[in-house]
>>> print(open('work03.txt').read())   # compact mmCIF, C-alpha atoms and all ligand atoms
# COMPACT_ATOMS: atom_id res chain seq x y z
CA MET A 1 -118.84 -202.74 28.63
CA ALA A 2 -116.24 -202.47 31.36
CA HIS A 3 -117.68 -202.49 34.84
CA ILE A 4 -116.76 -199.65 37.18
CA TYR A 5 -115.93 -200.98 40.61
CA LEU A 6 -117.42 -198.98 43.50
CA ASP A 7 -117.42 -201.70 46.18
CA HIS A 8 -114.01 -201.40 47.84
CA ASN A 9 -115.32 -202.10 51.35
CA ALA A 10 -116.21 -205.62 50.14
CA THR A 11 -112.75 -206.16 48.71
CA THR A 12 -110.10 -204.30 46.72
CA PRO A 13 -108.28 -205.31 43.55
CA LEU A 14 -104.86 -206.85 44.15
CA ASP A 15 -102.22 -204.18 43.56
CA GLU A 16 -99.94 -205.14 40.62
CA GLN A 17 -96.84 -204.31 42.68
CA VAL A 18 -98.11 -206.51 45.52
CA LEU A 19 -98.71 -209.37 43.09
CA ALA A 20 -95.18 -208.95 41.71
CA GLU A 21 -93.75 -209.33 45.22
CA MET A 22 -95.88 -212.42 45.87
CA LEU A 23 -95.20 -214.35 42.67
CA PRO A 24 -91.70 -215.65 43.48
CA TYR A 25 -93.14 -217.25 46.64
CA LEU A 26 -95.76 -219.07 44.62
CA ARG A 27 -93.17 -220.25 42.08
CA GLU A 28 -89.52 -220.89 42.81
CA HIS A 29 -89.34 -219.99 46.52
CA TYR A 30 -91.88 -222.50 47.76
CA GLY A 31 -90.13 -223.46 50.99
CA ASN A 32 -91.91 -224.16 54.26
CA ALA A 33 -91.00 -221.42 56.76
CA SER A 34 -90.44 -224.09 59.43
CA SER A 35 -87.83 -226.00 57.42
CA ARG A 36 -84.18 -225.77 58.45
CA HIS A 37 -82.70 -225.78 54.92
CA GLU A 38 -82.13 -222.90 52.50
CA PHE A 39 -85.70 -223.02 51.14
CA GLY A 40 -87.13 -222.70 54.64
CA THR A 41 -84.66 -220.03 55.71
CA ARG A 42 -85.67 -217.82 52.79
CA ALA A 43 -89.39 -218.28 53.54
CA ARG A 44 -88.80 -217.50 57.22
CA ALA A 45 -86.90 -214.33 56.34
CA VAL A 46 -89.68 -212.93 54.15
CA VAL A 47 -92.35 -213.77 56.73
CA SER A 48 -90.26 -211.82 59.28
CA ARG A 49 -89.97 -208.88 56.90
CA ALA A 50 -93.72 -208.88 56.30
CA ARG A 51 -94.31 -208.99 60.05
CA GLU A 52 -92.19 -205.83 60.35
CA GLN A 53 -94.14 -204.14 57.55
CA VAL A 54 -97.53 -204.91 59.13
CA ALA A 55 -96.26 -203.90 62.59
CA ALA A 56 -94.93 -200.59 61.23
CA LEU A 57 -98.31 -199.61 59.78
CA VAL A 58 -100.03 -199.88 63.17
CA GLY A 59 -97.09 -198.82 65.38
CA VAL A 60 -96.30 -202.06 67.22
CA ALA A 61 -93.34 -204.43 67.63
CA PRO A 62 -93.25 -207.27 65.06
CA SER A 63 -93.61 -209.83 67.87
CA GLN A 64 -97.13 -208.50 68.49
CA VAL A 65 -98.38 -209.55 65.04
CA VAL A 66 -99.99 -212.99 64.64
CA PHE A 67 -100.77 -213.87 61.03
CA THR A 68 -104.16 -215.47 60.40
CA SER A 69 -106.28 -216.49 57.41
CA GLY A 70 -108.02 -213.11 57.51
CA GLY A 71 -110.15 -210.77 59.55
CA THR A 72 -112.81 -213.37 60.31
CA GLU A 73 -110.29 -215.74 61.87
CA ALA A 74 -108.56 -212.94 63.82
CA ASN A 75 -111.88 -211.82 65.35
CA ASN A 76 -112.81 -215.39 66.24
CA ALA A 77 -109.30 -216.05 67.61
CA PHE A 78 -109.50 -213.05 69.92
CA ILE A 79 -113.01 -213.63 71.26
CA SER A 80 -112.71 -217.34 71.75
CA GLY A 81 -109.06 -217.09 72.87
CA ALA A 82 -109.77 -214.39 75.47
CA ALA A 83 -112.81 -216.28 76.76
CA GLY A 84 -110.57 -219.32 77.21
CA MET A 85 -108.32 -217.35 79.59
CA LEU A 86 -110.83 -215.27 81.55
CA LYS A 87 -113.52 -215.98 84.12
CA ALA A 88 -116.89 -216.07 82.36
CA THR A 89 -118.62 -212.77 83.18
CA GLN A 90 -119.85 -210.35 80.52
CA ILE A 91 -118.70 -209.72 76.95
CA ALA A 92 -119.83 -206.35 75.57
CA VAL A 93 -119.81 -205.85 71.79
CA SER A 94 -121.31 -203.03 69.80
CA ALA A 95 -124.58 -203.61 67.98
CA LEU A 96 -122.77 -202.48 64.82
CA GLU A 97 -120.21 -205.30 64.64
CA HIS A 98 -119.55 -207.44 61.61
CA PRO A 99 -121.03 -210.96 62.01
CA CYS A 100 -117.52 -212.35 62.55
CA VAL A 101 -117.48 -210.52 65.90
CA ALA A 102 -121.19 -210.67 66.71
CA LYS A 103 -121.53 -214.43 66.19
CA PRO A 104 -118.49 -215.65 68.17
CA ALA A 105 -119.56 -213.26 70.96
CA GLN A 106 -123.06 -214.74 70.88
CA ALA A 107 -121.57 -218.24 70.98
CA LEU A 108 -120.03 -217.47 74.38
CA ALA A 109 -123.53 -217.50 75.88
CA ARG A 110 -123.29 -221.30 75.70
CA ARG A 111 -120.09 -221.11 77.76
CA GLY A 112 -121.78 -219.21 80.59
CA TRP A 113 -121.06 -215.65 79.42
CA LYS A 114 -123.54 -212.81 79.49
CA VAL A 115 -123.55 -211.20 76.05
CA ARG A 116 -124.31 -207.46 76.08
CA LYS A 117 -124.90 -205.44 72.88
CA LEU A 118 -123.73 -201.83 73.13
CA ALA A 119 -126.32 -199.47 71.66
CA ALA A 120 -125.65 -197.09 68.79
CA GLY A 121 -127.07 -193.64 68.15
CA ARG A 122 -128.94 -192.44 65.08
CA ASP A 123 -125.64 -191.00 63.78
CA GLY A 124 -124.03 -194.47 63.66
CA ARG A 125 -121.73 -193.99 66.65
CA VAL A 126 -121.62 -196.35 69.64
CA ASP A 127 -123.43 -194.71 72.57
CA LEU A 128 -120.77 -193.96 75.23
CA ALA A 129 -123.39 -193.65 77.96
CA ASP A 130 -124.55 -197.18 77.17
CA VAL A 131 -120.93 -198.38 77.32
CA ALA A 132 -120.70 -196.91 80.85
CA LEU A 133 -123.98 -198.58 81.77
CA ALA A 134 -122.80 -201.96 80.44
CA LEU A 135 -119.46 -201.69 82.21
CA ALA A 136 -121.17 -201.13 85.55
CA GLN A 137 -121.59 -204.94 85.45
CA PRO A 138 -118.50 -207.16 85.78
CA THR A 139 -117.12 -207.33 82.22
CA ALA A 140 -114.06 -209.16 80.92
CA ILE A 141 -114.15 -208.45 77.15
CA VAL A 142 -115.18 -205.41 75.09
CA SER A 143 -115.11 -205.31 71.28
CA VAL A 144 -115.94 -202.22 69.22
CA MET A 145 -114.98 -201.83 65.57
CA LEU A 146 -112.87 -198.83 64.54
CA VAL A 147 -114.75 -198.18 61.28
CA ASN A 148 -118.11 -199.62 60.32
CA ASN A 149 -118.09 -201.50 57.02
CA GLU A 150 -121.50 -200.17 55.94
CA THR A 151 -121.61 -196.52 57.04
CA GLY A 152 -117.87 -195.83 57.26
CA VAL A 153 -118.47 -194.16 60.65
CA ILE A 154 -115.34 -193.93 62.81
CA GLN A 155 -115.94 -195.07 66.38
CA GLU A 156 -114.44 -193.49 69.51
CA VAL A 157 -112.36 -196.56 70.25
CA ALA A 158 -109.71 -194.84 72.41
CA THR A 159 -112.40 -193.41 74.71
CA ILE A 160 -114.19 -196.76 74.93
CA ALA A 161 -110.83 -198.47 75.61
CA GLU A 162 -110.31 -196.10 78.54
CA GLN A 163 -113.72 -197.07 79.90
CA ALA A 164 -112.96 -200.77 79.33
CA ARG A 165 -109.57 -200.54 81.05
CA ALA A 166 -111.11 -198.76 84.03
CA ALA A 167 -113.48 -201.74 84.30
CA ARG A 168 -110.49 -204.16 83.96
CA ALA A 169 -111.82 -205.58 80.70
CA TRP A 170 -109.76 -206.53 77.64
CA MET A 171 -110.45 -204.18 74.75
CA HIS A 172 -110.46 -205.38 71.15
CA THR A 173 -111.09 -203.46 67.96
CA ASP A 174 -111.83 -204.76 64.48
CA ALA A 175 -109.81 -202.30 62.39
CA VAL A 176 -110.35 -204.11 59.07
CA GLN A 177 -112.23 -201.20 57.49
CA ALA A 178 -109.98 -198.53 58.98
CA LEU A 179 -106.60 -199.77 57.75
CA GLY A 180 -105.33 -197.82 54.75
CA LYS A 181 -108.14 -195.25 55.12
CA ILE A 182 -107.15 -193.46 58.34
CA LYS A 183 -104.12 -193.58 60.63
CA VAL A 184 -104.42 -196.71 62.79
CA ASP A 185 -102.10 -196.67 65.80
CA PHE A 186 -102.48 -199.57 68.22
CA ASN A 187 -101.05 -197.67 71.20
CA GLU A 188 -103.01 -194.47 70.60
CA LEU A 189 -106.17 -196.54 70.43
CA ASN A 190 -105.14 -198.01 73.79
CA VAL A 191 -106.50 -201.46 72.90
CA HIS A 192 -105.33 -204.94 73.95
CA ALA A 193 -106.04 -206.49 70.56
CA MET A 194 -106.76 -205.47 66.98
CA THR A 195 -107.90 -207.26 63.84
CA LEU A 196 -106.53 -206.54 60.35
CA SER A 197 -107.15 -207.98 56.88
CA ALA A 198 -105.05 -207.75 53.71
CA HIS A 199 -107.72 -207.82 51.00
CA LYS A 200 -109.27 -204.48 52.00
CA ILE A 201 -105.94 -202.69 51.34
CA TYR A 202 -105.11 -204.00 47.84
CA GLY A 203 -103.50 -207.14 49.25
CA PRO A 204 -104.47 -210.80 48.71
CA LYS A 205 -107.55 -212.52 50.12
CA GLY A 206 -107.17 -215.13 52.85
CA VAL A 207 -104.58 -213.38 55.01
CA GLY A 208 -104.89 -211.07 57.99
CA ALA A 209 -103.52 -210.53 61.46
CA LEU A 210 -104.41 -210.34 65.11
CA VAL A 211 -102.25 -207.70 66.82
CA LEU A 212 -101.85 -208.30 70.55
CA ASP A 213 -100.69 -206.38 73.59
CA LYS A 214 -97.47 -208.07 74.78
CA ARG A 215 -98.98 -208.58 78.22
CA ILE A 216 -101.98 -210.65 77.23
CA GLU A 217 -102.08 -214.29 76.42
CA LEU A 218 -104.88 -216.05 74.57
CA GLU A 219 -105.87 -219.66 74.29
CA PRO A 220 -105.01 -220.46 70.63
CA LEU A 221 -108.04 -221.00 68.43
CA ILE A 222 -106.08 -223.23 66.04
CA LYS A 223 -103.82 -225.66 67.82
CA GLY A 224 -101.15 -227.77 66.18
CA GLY A 225 -97.48 -227.49 65.33
CA GLY A 226 -96.93 -224.25 67.26
CA HIS A 227 -96.50 -221.77 64.40
CA GLU A 228 -96.82 -218.02 65.07
CA GLY A 229 -95.40 -218.39 68.56
CA GLY A 230 -97.94 -221.09 69.32
CA MET A 231 -100.78 -218.62 68.75
CA ARG A 232 -101.83 -219.92 65.34
CA SER A 233 -100.69 -223.27 64.08
CA GLY A 234 -100.58 -224.20 60.41
CA THR A 235 -97.94 -223.87 57.69
CA GLU A 236 -97.63 -220.17 56.90
CA ASN A 237 -99.24 -218.80 53.75
CA VAL A 238 -95.87 -217.34 52.74
CA ALA A 239 -96.94 -215.66 49.48
CA GLY A 240 -100.07 -214.26 51.13
CA ILE A 241 -98.10 -212.94 54.08
CA VAL A 242 -95.53 -211.35 51.73
CA GLY A 243 -98.43 -209.70 49.88
CA PHE A 244 -99.96 -208.44 53.13
CA GLY A 245 -96.64 -206.92 54.18
CA ALA A 246 -96.16 -205.21 50.81
CA ALA A 247 -99.77 -203.96 50.84
CA CYS A 248 -99.17 -202.40 54.27
CA GLU A 249 -96.08 -200.60 53.04
CA PHE A 250 -97.93 -199.20 49.99
CA ALA A 251 -100.92 -198.27 52.17
CA GLN A 252 -98.62 -196.19 54.38
CA LEU A 253 -97.14 -194.39 51.36
CA ARG A 254 -100.61 -193.75 49.89
CA LEU A 255 -102.47 -192.72 53.04
CA ALA A 256 -101.90 -188.95 53.17
CA GLY A 257 -102.78 -188.39 49.51
CA LEU A 258 -105.61 -190.88 49.09
CA ALA A 259 -107.99 -189.77 51.85
CA PRO A 260 -108.47 -186.16 50.65
CA ARG A 261 -108.71 -187.26 47.01
CA LEU A 262 -111.48 -189.75 47.83
CA ALA A 263 -113.20 -187.22 50.10
CA ALA A 264 -113.53 -184.86 47.12
CA LEU A 265 -115.06 -187.64 44.99
CA ARG A 266 -117.34 -188.70 47.85
CA ASP A 267 -118.54 -185.10 48.36
CA GLU A 268 -119.34 -184.78 44.68
CA LEU A 269 -121.24 -188.07 44.81
CA GLU A 270 -123.20 -186.96 47.88
CA ARG A 271 -124.10 -183.62 46.26
CA GLY A 272 -125.62 -185.56 43.35
CA LEU A 273 -127.40 -187.96 45.70
CA ALA A 274 -128.86 -185.03 47.68
CA GLU A 275 -130.37 -183.69 44.43
CA LEU A 276 -132.13 -187.05 44.05
CA GLY A 277 -133.52 -186.77 47.59
CA ALA A 278 -131.26 -189.42 49.16
CA THR A 279 -130.78 -189.96 52.87
CA ILE A 280 -127.11 -190.52 53.70
CA PHE A 281 -126.67 -192.79 56.71
CA GLY A 282 -124.00 -191.74 59.21
CA ALA A 283 -123.51 -188.34 57.56
CA ASP A 284 -123.59 -186.53 60.91
CA ALA A 285 -120.65 -188.47 62.32
CA LEU A 286 -116.97 -188.56 61.44
CA ARG A 287 -116.58 -191.04 58.56
CA VAL A 288 -113.80 -192.49 56.44
CA SER A 289 -113.60 -190.64 53.14
CA ASN A 290 -114.41 -193.49 50.74
CA THR A 291 -117.84 -194.63 51.94
CA THR A 292 -121.37 -193.40 51.16
CA TYR A 293 -124.36 -195.38 52.42
CA PHE A 294 -127.65 -194.06 51.16
CA ALA A 295 -131.32 -194.75 50.44
CA LEU A 296 -133.59 -193.14 47.89
CA PRO A 297 -137.28 -192.74 48.71
CA GLY A 298 -139.43 -195.54 47.31
CA ILE A 299 -136.47 -197.47 45.81
CA ASP A 300 -135.55 -201.00 46.95
CA GLY A 301 -131.81 -201.37 47.58
CA GLU A 302 -131.43 -204.88 46.13
CA THR A 303 -133.27 -203.86 42.95
CA LEU A 304 -131.12 -200.75 42.57
CA VAL A 305 -127.92 -202.79 42.96
CA VAL A 306 -129.06 -205.24 40.26
CA GLU A 307 -130.05 -202.44 37.88
CA LEU A 308 -126.80 -200.54 38.45
CA ASP A 309 -124.87 -203.75 37.83
CA LYS A 310 -126.64 -204.18 34.48
CA ALA A 311 -125.66 -200.60 33.69
CA GLY A 312 -122.00 -201.33 34.51
CA TYR A 313 -121.59 -200.19 38.12
CA ALA A 314 -120.67 -202.52 41.01
CA VAL A 315 -122.10 -201.30 44.33
CA ALA A 316 -123.46 -203.11 47.41
CA SER A 317 -126.74 -203.29 49.26
CA GLY A 318 -126.82 -203.86 53.02
CA ALA A 319 -123.74 -205.58 54.42
CA ALA A 320 -121.45 -206.85 51.67
CA CYS A 321 -120.37 -209.90 53.63
CA SER A 322 -123.94 -211.16 53.98
CA SER A 323 -125.11 -210.47 50.48
CA THR A 324 -127.13 -213.69 50.35
CA SER A 325 -129.33 -212.46 53.18
CA THR A 326 -132.40 -210.37 52.41
CA GLU A 327 -132.86 -209.08 55.96
CA PRO A 328 -132.45 -205.32 56.34
CA SER A 329 -129.04 -204.27 57.60
CA ALA A 330 -128.53 -204.96 61.32
CA THR A 331 -126.31 -201.87 61.48
CA LEU A 332 -129.11 -199.61 60.24
CA LEU A 333 -131.67 -201.21 62.53
CA ALA A 334 -129.28 -200.67 65.46
CA MET A 335 -129.09 -197.00 64.43
CA GLY A 336 -132.88 -196.79 64.70
CA VAL A 337 -133.49 -196.54 60.95
CA ASP A 338 -136.99 -197.58 59.91
CA PRO A 339 -136.86 -201.15 58.45
CA ILE A 340 -138.61 -200.03 55.27
CA GLN A 341 -136.06 -197.28 54.69
CA ALA A 342 -133.25 -199.73 55.60
CA ARG A 343 -134.37 -201.98 52.75
CA GLY A 344 -133.44 -199.16 50.40
CA ALA A 345 -129.81 -199.03 51.59
CA VAL A 346 -127.08 -198.99 48.96
CA ARG A 347 -123.36 -198.59 49.64
CA VAL A 348 -120.83 -196.97 47.35
CA SER A 349 -117.25 -197.47 48.53
CA LEU A 350 -114.52 -195.79 46.53
CA GLY A 351 -110.95 -196.88 45.94
CA LYS A 352 -107.62 -195.58 44.71
CA ASP A 353 -108.38 -196.06 41.01
CA ASN A 354 -111.72 -194.23 40.95
CA THR A 355 -111.82 -190.92 39.08
CA PRO A 356 -114.13 -187.86 38.91
CA GLU A 357 -115.46 -189.27 35.60
CA HIS A 358 -116.57 -192.45 37.38
CA ILE A 359 -118.64 -190.34 39.79
CA GLN A 360 -120.12 -188.10 37.09
CA ASN A 361 -121.09 -191.08 34.93
CA PHE A 362 -122.40 -193.02 37.91
CA LEU A 363 -124.67 -190.12 38.90
CA ARG A 364 -125.96 -189.85 35.33
CA VAL A 365 -126.72 -193.58 35.17
CA LEU A 366 -128.25 -193.56 38.65
CA GLN A 367 -130.61 -190.77 37.64
CA THR A 368 -131.80 -192.76 34.61
CA VAL A 369 -132.19 -196.01 36.57
CA VAL A 370 -134.09 -194.28 39.38
CA ALA A 371 -136.43 -192.54 36.91
CA ARG A 372 -137.17 -195.91 35.29
CA LEU A 373 -137.79 -197.67 38.62
CA MET A 374 -140.08 -194.84 39.77
CA HIS A 375 -141.96 -195.02 36.51
CA MET A 376 -142.37 -198.80 36.85
CA SER A 377 -143.62 -198.53 40.43
CA ALA A 378 -146.06 -195.76 39.41
CA MET A 379 -147.41 -198.06 36.65
CA ALA A 380 -147.82 -200.90 39.18
CA VAL A 381 -150.26 -198.96 41.40
C1 LIG A 401 -115.46 -204.90 59.57
C2 LIG A 401 -115.02 -206.21 58.99
N1 LIG A 401 -114.47 -207.12 59.79
C3 LIG A 401 -114.06 -208.31 59.34
C4 LIG A 401 -114.21 -208.66 58.01
C5 LIG A 401 -113.76 -210.02 57.57
O1 LIG A 401 -112.47 -210.00 57.06
P1 LIG A 401 -111.99 -211.22 56.10
O2 LIG A 401 -112.75 -211.05 54.82
O3 LIG A 401 -110.51 -210.98 55.94
O4 LIG A 401 -112.29 -212.47 56.80
C6 LIG A 401 -114.78 -207.74 57.14
C7 LIG A 401 -115.00 -208.12 55.72
O5 LIG A 401 -115.88 -207.67 55.06
C8 LIG A 401 -115.20 -206.49 57.64
O6 LIG A 401 -115.76 -205.58 56.84
>>> encode(input="work03.txt", output="structure tokens", more="lines below")
Ligand SMILES: Cc1ncc(COP(=O)(O)O)c(C=O)c1O
Amino acid sequence: MAHIYLDHNATTPLDEQVLAEMLPYLREHYGNASSRHEFGTRARAVVSRAREQVAALVGVAPSQVVFTSGGTEANNAFISGAAGMLKATQIAVSALEHPCVAKPAQALARRGWKVRKLAAGRDGRVDLADVALALAQPTAIVSVMLVNNETGVIQEVATIAEQARAARAWMHTDAVQALGKIKVDFNELNVHAMTLSAHKIYGPKGVGALVLDKRIELEPLIKGGGHEGGMRSGTENVAGIVGFGAACEFAQLRLAGLAPRLAALRDELERGLAELGATIFGADALRVSNTTYFALPGIDGETLVVELDKAGYAVASGAACSSTSTEPSATLLAMGVDPIQARGAVRVSLGKDNTPEHIQNFLRVLQTVVARLMHMSAMAV
């Protein structure tokens, strides 16, 4: 039985065309981009081209793109790099952030920083009044994600950036879950820094970027031979970077058509879930079109994920990146969801190859699995 993949916020399949562009740089063109001979020159040229492709997708100059080993490194590089340049005051991060923002922010407490969590509302949006309250204290760094990985809720980053700038803080956004799903324009968002990752947009794993305002300078997280303008040392992952660039170009071409197509599938899915009595988290806010995060009354999320997997459907419970943890989702708790209901959370995240048949069959299977689980829990009492 072929599994149907409905977990694209965790990762996406590598696009065949992206793989085709990468392969020569894993085989015959293996040069080090720092070398002065023909092999190196070729590698350098394709890294430059990829930098242009990534820059074009988010509307910046290529010189603003620093390649990293992924979103996790880019978030760490910004937070630790900004803290290295600024006087230790307050860092304000939303309570909805991915652990790769939340944990490096928390770590600054040991370096004399005050760490302030920005509250979220029941609808999954960061509370702008709480941002104003936080920024009444001297604040040097603000980080708010553009799209939440669990709910798909789009945050008001441009408005928060305006508040941050008025307070003279540096504004960062983790745009990993936004790229390829909505238009992401660095200048419109008015941020100083932005994190991107290739493997959420049909590119390879282990490559991402930190996009920086030309006027800010960070202390490099990874120091060494001075690659990436001294911002990120280490021999470039040439094939990965080529793949990231190609994935950005395809994402741009796909964007206008993909979002409405996935919205139609998502709406059909949510109609079926409503018939089963599901609560959809974040449904009252603006969301990306591929993500549905729901709970069914009396059904444990982990159990449902396991049962759906046995039936051939790959979905996620809680945050995908912390799937070993059994704690209820921090995002849902921050939204004020009851911990018992939060334990029921299951995420379906659609991708470019999903079809209406996938949704219809998924709903049919879900109905059967839920009926069985309800029956089993009725027998247990
Ligand atoms: C919002 C968000 N930020 C950052 C990351 C980490 O990116 P990477 O897997 O490239 O390290 C993820 C991955 O799940 C994510 O969802």
>>> residues_near_ligand(input="work03.txt", ligand="ligand LIG 401 (chain A)", cutoff="7 Å", atoms="only C-alpha atoms and all ligand atoms", output="list in words")
Asn9, Ala10, Gly70, Gly71, Thr72, Glu73, Glu97, His98, Cys100, Met145, Val147, Asn148, Asn149, Asp174, Ala175, Val176, Gln177, Ser197, Ala198, His199, Lys205, Gly206, Val207, Gly208, Ala320 and Cys321 of chain A
>>> atom_distance(input="work03.txt", atom1="CA of Ala95 (chain A)", atom2="CA of Val126 (chain A)")
8.0 Å
>>> closest_residue(input="work03.txt", among="A:Met194, A:Ile340, A:Val242, A:Ala274", to="Glu52 (chain A)", atoms="all atoms listed in the file")
A:Val242
>>> residues_around(input="work03.txt", residues="Thr12 (chain A)", least_positions_apart="2", cutoff="6 Å", atoms="only C-alpha atoms", output="PyMOL selection string")
chain A and resi 8+200+202
>>> residues_around(input="work03.txt", residues="Met85 (chain A)", least_positions_apart="3", cutoff="7 Å", atoms="all atoms listed in the file", output="MDAnalysis selection string")
chainID A and resid 81:82 218:219
>>> write_last_selection(input="work03.txt", atoms="C-alpha atoms", output="PDB file, keeping the file's coordinate frame")
ATOM      1  CA  GLY A  81    -109.060-217.090  72.870  1.00  0.00           C
ATOM      2  CA  ALA A  82    -109.770-214.390  75.470  1.00  0.00           C
ATOM      3  CA  LEU A 218    -104.880-216.050  74.570  1.00  0.00           C
ATOM      4  CA  GLU A 219    -105.870-219.660  74.290  1.00  0.00           C
TER       5      GLU A 219
END
>>> closest_residue(input="work03.txt", among="A:Asp300, A:Leu26, A:Asn290, A:Ala380", to="Leu6 (chain A)", atoms="all atoms listed in the file")
A:Asn290
>>> residues_around(input="work03.txt", residues="Glu150 (chain A)", least_positions_apart="4", cutoff="10 Å", atoms="only C-alpha atoms", output="PyMOL selection string")
chain A and resi 9-10+96+98+124+177+281-282+291-294+316-320+329+331-332+345-349
>>> closest_residue(input="work03.txt", among="A:Leu262, A:Ala164, A:Val115, A:Leu210", to="Ile182 (chain A)", atoms="all atoms listed in the file")
A:Leu262
>>> atom_distance(input="work03.txt", atom1="CA of Ala295 (chain A)", atom2="CA of Gly344 (chain A)")
4.9 Å
>>> atom_distance(input="work03.txt", atom1="CA of Thr68 (chain A)", atom2="CA of Gly230 (chain A)")
12.2 Å
>>> residues_near_point(input="work03.txt", point="(-125.4, -216.3, 84.3)", cutoff="10 Å", atoms="only C-alpha atoms", output="MDAnalysis selection string")
chainID A and resid 88:90 109 111:115
>>> closest_residue(input="work03.txt", among="A:Val238, A:Ala132, A:Ala264, A:Ala140", to="Arg44 (chain A)", atoms="all atoms listed in the file")
A:Val238
>>> closest_residue(input="work03.txt", among="A:His37, A:Lys183, A:Arg364, A:His375", to="Arg254 (chain A)", atoms="all atoms listed in the file")
A:Lys183
>>> residues_around(input="work03.txt", residues="Gly121 (chain A)", least_positions_apart="5", cutoff="8 Å", atoms="all atoms listed in the file", output="PyMOL selection string")
chain A and resi 126-127+334-336
>>> decode(input="work03.txt", residues="region 35-51 of chain A", atoms="N, CA and C atoms", output="CSV table (one decimal), in the first residue's frame")
chain,number,residue,atom,x,y,z
A,35,SER,N,38.3,27.6,-4.4
A,35,SER,CA,39.5,27.3,-5.2
A,35,SER,C,39.6,28.2,-6.4
A,36,ARG,N,40.9,28.5,-6.7
A,36,ARG,CA,41.1,29.4,-7.8
A,36,ARG,C,41.2,28.8,-9.2
A,37,HIS,N,41.1,27.5,-9.3
A,37,HIS,CA,41.2,26.8,-10.6
A,37,HIS,C,39.8,26.7,-11.2
A,38,GLU,N,39.7,26.0,-12.4
A,38,GLU,CA,38.5,25.9,-13.1
A,38,GLU,C,37.4,25.2,-12.3
A,39,PHE,N,37.8,24.2,-11.5
A,39,PHE,CA,36.7,23.5,-10.7
A,39,PHE,C,36.1,24.5,-9.7
A,40,GLY,N,36.9,25.3,-9.1
A,40,GLY,CA,36.4,26.2,-8.1
A,40,GLY,C,35.6,27.3,-8.7
A,41,THR,N,36.1,27.8,-9.9
A,41,THR,CA,35.4,28.9,-10.6
A,41,THR,C,34.0,28.5,-10.9
A,42,ARG,N,33.8,27.3,-11.4
A,42,ARG,CA,32.5,26.8,-11.8
A,42,ARG,C,31.6,26.7,-10.5
A,43,ALA,N,32.2,26.2,-9.4
A,43,ALA,CA,31.4,26.0,-8.2
A,43,ALA,C,30.9,27.4,-7.7
A,44,ARG,N,31.9,28.4,-7.8
A,44,ARG,CA,31.6,29.7,-7.3
A,44,ARG,C,30.5,30.4,-8.2
A,45,ALA,N,30.5,30.1,-9.5
A,45,ALA,CA,29.5,30.7,-10.4
A,45,ALA,C,28.1,30.2,-10.0
A,46,VAL,N,28.0,28.9,-9.8
A,46,VAL,CA,26.7,28.4,-9.5
A,46,VAL,C,26.2,28.8,-8.1
A,47,VAL,N,27.1,29.0,-7.2
A,47,VAL,CA,26.7,29.5,-5.9
A,47,VAL,C,26.1,30.9,-6.0
A,48,SER,N,26.8,31.7,-6.9
A,48,SER,CA,26.4,33.1,-7.1
A,48,SER,C,25.0,33.1,-7.8
A,49,ARG,N,24.8,32.2,-8.7
A,49,ARG,CA,23.5,32.1,-9.4
A,49,ARG,C,22.4,31.7,-8.4
A,50,ALA,N,22.7,30.8,-7.6
A,50,ALA,CA,21.7,30.3,-6.6
A,50,ALA,C,21.4,31.5,-5.6
A,51,ARG,N,22.4,32.3,-5.3
A,51,ARG,CA,22.2,33.4,-4.4
A,51,ARG,C,21.2,34.4,-5.0
